[in-house]
Amino acid sequence: MAKVMIVYASDYGSTKKMAEKVAQGVESVPGAEALVRTAEEATAEEVISSDALILGSPVHMGSMDRRVKGFIDRVCGGLWMEDKLVGRVGAVFASGGGFGNAGCGCELTMLSMLNNLAELGMLIVPLPKNTSGFPKGGLQWGPYGRSLTETGEPMEGGVPEERIETAFFHGANVARVAEAVKGRELLRSS
């Protein structure tokens with residue numbers, strides 16, 4: 001049974017909504033378990049006991065939220081020093097409200113989080129373009145939610161369901177990959 005930890009920060013509820021959808025996807029895989037935590041409450045012990053880590057962040061000036069970066073520095077920094085996450089599975093998602101088709105900065109936000117997962121030696125799970133809902137909420141790096149219309153007007157209720165459908169499938173993909181690599185020493189130091 002794969003355990004997938006989802007760590008996120010949310011300002012207006014859109015990223016939280018996506019984290020919940022990712023968790024539903026994880027738990028749609030038989031035997032998989034999702035552990036959802038905000039960036040402030042997540043602990044190193046929880047990360048170590050998980051087979052996969054999925055980071056989610058709202059866009060802040062084209063980058064990840066300070067709370068997610070704080071989690072990376074506070075929790076993941078020490079794990080990096082001890083190579084505790086090498087060979088485990090990692091993935092990302094983001095939400096944005098600005099102009100542009102990807103929520104103005106979602107791609108850069110996801111890339112900045114992926115960079116940290118790569119630094120930890122994690123196996124990255126991307127989002128295939130044939131994923132259901134990809135045209136409205138996907139980039140190759142992961143799913144994104146957009147809470148503003150193309151003209152900059154807020155969408156009632158935040159990110160609509162059809163724009164976060166990909167988050168469900170991303171969670172399921174990550175859980176399947178985590179189960180496939182669980183317990184195997186795929187990467188070893190010389």
# chains A, B, ... in the order shown; residues from 1 in each chain; ligands from 1
>>> select_by_dssp(residues="segment 50-112 of chain A", states="strand (DSSP E or B)", output="PyMOL selection string")
chain A and resi 52-58+60+63+89-96
>>> write_last_selection(atoms="N, CA and C atoms", output="compact mmCIF listing (two decimals), in the first residue's frame")
# COMPACT_ATOMS: atom_id res chain seq x y z
N ALA A 52 5.51 8.91 -1.34
CA ALA A 52 5.49 9.98 -2.34
C ALA A 52 5.15 11.30 -1.66
N LEU A 53 5.62 12.38 -2.27
CA LEU A 53 5.35 13.73 -1.78
C LEU A 53 4.86 14.57 -2.95
N ILE A 54 3.67 15.15 -2.80
CA ILE A 54 3.12 16.04 -3.82
C ILE A 54 3.00 17.43 -3.19
N LEU A 55 3.62 18.41 -3.84
CA LEU A 55 3.58 19.80 -3.37
C LEU A 55 2.58 20.60 -4.19
N GLY A 56 1.77 21.43 -3.51
CA GLY A 56 0.82 22.30 -4.19
C GLY A 56 0.94 23.72 -3.67
N SER A 57 0.89 24.68 -4.59
CA SER A 57 1.06 26.07 -4.18
C SER A 57 0.24 27.01 -5.05
N PRO A 58 -0.25 28.09 -4.43
CA PRO A 58 -0.78 29.18 -5.25
C PRO A 58 0.40 29.94 -5.85
N HIS A 60 2.54 33.13 -6.47
CA HIS A 60 2.84 34.41 -5.86
C HIS A 60 3.94 35.07 -6.69
N SER A 63 6.00 32.61 -8.56
CA SER A 63 6.77 31.65 -7.79
C SER A 63 5.87 30.98 -6.76
N VAL A 89 9.05 9.16 -4.73
CA VAL A 89 8.28 9.77 -5.81
C VAL A 89 7.85 11.18 -5.43
N GLY A 90 7.93 12.10 -6.40
CA GLY A 90 7.53 13.48 -6.17
C GLY A 90 6.73 14.04 -7.33
N ALA A 91 5.84 14.98 -7.04
CA ALA A 91 5.01 15.62 -8.06
C ALA A 91 4.52 16.96 -7.52
N VAL A 92 3.91 17.76 -8.41
CA VAL A 92 3.46 19.10 -8.03
C VAL A 92 2.14 19.46 -8.69
N PHE A 93 1.51 20.52 -8.16
CA PHE A 93 0.35 21.17 -8.78
C PHE A 93 0.33 22.61 -8.30
N ALA A 94 -0.42 23.46 -9.01
CA ALA A 94 -0.47 24.88 -8.64
C ALA A 94 -1.82 25.48 -9.01
N SER A 95 -2.13 26.61 -8.39
CA SER A 95 -3.32 27.37 -8.77
C SER A 95 -2.92 28.83 -8.92
N GLY A 96 -3.57 29.48 -9.86
CA GLY A 96 -3.27 30.89 -10.10
C GLY A 96 -4.52 31.65 -10.47
>>> residues_around(residues="Ala2 of chain A", least_positions_apart="6", cutoff="8 Å", atoms="only C-alpha atoms", output="mmCIF file with N, CA, C and O atoms, in the first residue's frame")
data_model
loop_
_atom_site.group_PDB
_atom_site.id
_atom_site.type_symbol
_atom_site.label_atom_id
_atom_site.label_comp_id
_atom_site.auth_asym_id
_atom_site.auth_seq_id
_atom_site.Cartn_x
_atom_site.Cartn_y
_atom_site.Cartn_z
ATOM 1 N N GLY A 31 -5.800 0.372 -2.112
ATOM 2 C CA GLY A 31 -4.735 0.258 -1.124
ATOM 3 C C GLY A 31 -3.925 1.517 -0.893
ATOM 4 O O GLY A 31 -3.155 1.587 0.056
ATOM 5 N N ALA A 32 -4.091 2.543 -1.732
ATOM 6 C CA ALA A 32 -3.312 3.778 -1.570
ATOM 7 C C ALA A 32 -3.953 4.661 -0.506
ATOM 8 O O ALA A 32 -5.172 4.688 -0.349
ATOM 9 N N GLU A 33 -3.106 5.383 0.200
ATOM 10 C CA GLU A 33 -3.559 6.266 1.279
ATOM 11 C C GLU A 33 -3.015 7.666 1.053
ATOM 12 O O GLU A 33 -1.838 7.843 0.745
ATOM 13 N N SER A 50 6.203 8.473 4.222
ATOM 14 C CA SER A 50 5.436 8.458 2.975
ATOM 15 C C SER A 50 6.282 7.936 1.827
ATOM 16 O O SER A 50 7.501 8.076 1.815
ATOM 17 N N ASP A 51 5.595 7.354 0.854
ATOM 18 C CA ASP A 51 6.269 6.841 -0.348
ATOM 19 C C ASP A 51 6.357 7.895 -1.440
ATOM 20 O O ASP A 51 7.150 7.758 -2.370
ATOM 21 N N ALA A 52 5.515 8.913 -1.344
ATOM 22 C CA ALA A 52 5.493 9.981 -2.342
ATOM 23 C C ALA A 52 5.150 11.296 -1.665
ATOM 24 O O ALA A 52 4.483 11.326 -0.636
ATOM 25 N N ALA A 175 0.094 7.808 -7.115
ATOM 26 C CA ALA A 175 -0.097 6.653 -6.230
ATOM 27 C C ALA A 175 0.348 5.360 -6.908
ATOM 28 O O ALA A 175 1.008 4.512 -6.283
ATOM 29 N N ARG A 176 0.016 5.201 -8.188
ATOM 30 C CA ARG A 176 0.432 3.986 -8.920
ATOM 31 C C ARG A 176 1.952 3.909 -9.055
ATOM 32 O O ARG A 176 2.545 2.847 -8.881
ATOM 33 N N ALA A 178 4.149 5.367 -7.059
ATOM 34 C CA ALA A 178 4.687 5.148 -5.706
ATOM 35 C C ALA A 178 4.583 3.678 -5.316
ATOM 36 O O ALA A 178 5.512 3.119 -4.720
ATOM 37 N N GLU A 179 3.480 3.044 -5.651
ATOM 38 C CA GLU A 179 3.307 1.625 -5.337
ATOM 39 C C GLU A 179 4.306 0.779 -6.127
ATOM 40 O O GLU A 179 4.870 -0.190 -5.602
ATOM 41 N N LYS A 182 7.805 1.381 -4.477
ATOM 42 C CA LYS A 182 7.871 1.250 -3.022
ATOM 43 C C LYS A 182 8.762 0.083 -2.600
ATOM 44 O O LYS A 182 8.650 -1.023 -3.106
#
>>> closest_residue(among="A:Val26, A:Cys106, A:Val177, A:Ala172", to="Gly142 of chain A", atoms="only C-alpha atoms")
A:Cys106
>>> select_by_dssp(residues="segment 11-129 of chain A", states="helix (DSSP H, G or I)", output="PyMOL selection string")
chain A and resi 14-27+44-48+66-81+106-119
>>> residues_around(residues="Pro143 of chain A", least_positions_apart="3", cutoff="8 Å", atoms="only C-alpha atoms", output="list in words")
Val92, Phe93, Ala94, Leu127, Phe134, Gly137, Gly138, Leu139, Ile164, Thr166, Ala167 and His170 of chain A
>>> residues_around(residues="Leu35 of chain A", least_positions_apart="6", cutoff="9 Å", atoms="only C-alpha atoms", output="PyMOL selection string")
chain A and resi 3-7+23+46+50
>>> closest_residue(among="A:Leu148, A:Leu85, A:Met155, A:Ala19", to="Leu123 of chain A", atoms="only C-alpha atoms")
A:Leu85
>>> closest_residue(among="A:Ile124, A:Met81, A:Ala9, A:Val22", to="Val68 of chain A", atoms="only C-alpha atoms")
A:Ala9
>>> atom_distance(atom1="atom CA of Lys21 of chain A", atom2="atom CA of Leu117 of chain A")
21.1 Å
>>> closest_residue(among="A:Gly97, A:Tyr8, A:Glu162, A:Leu108", to="Val36 of chain A", atoms="only C-alpha atoms")
A:Tyr8
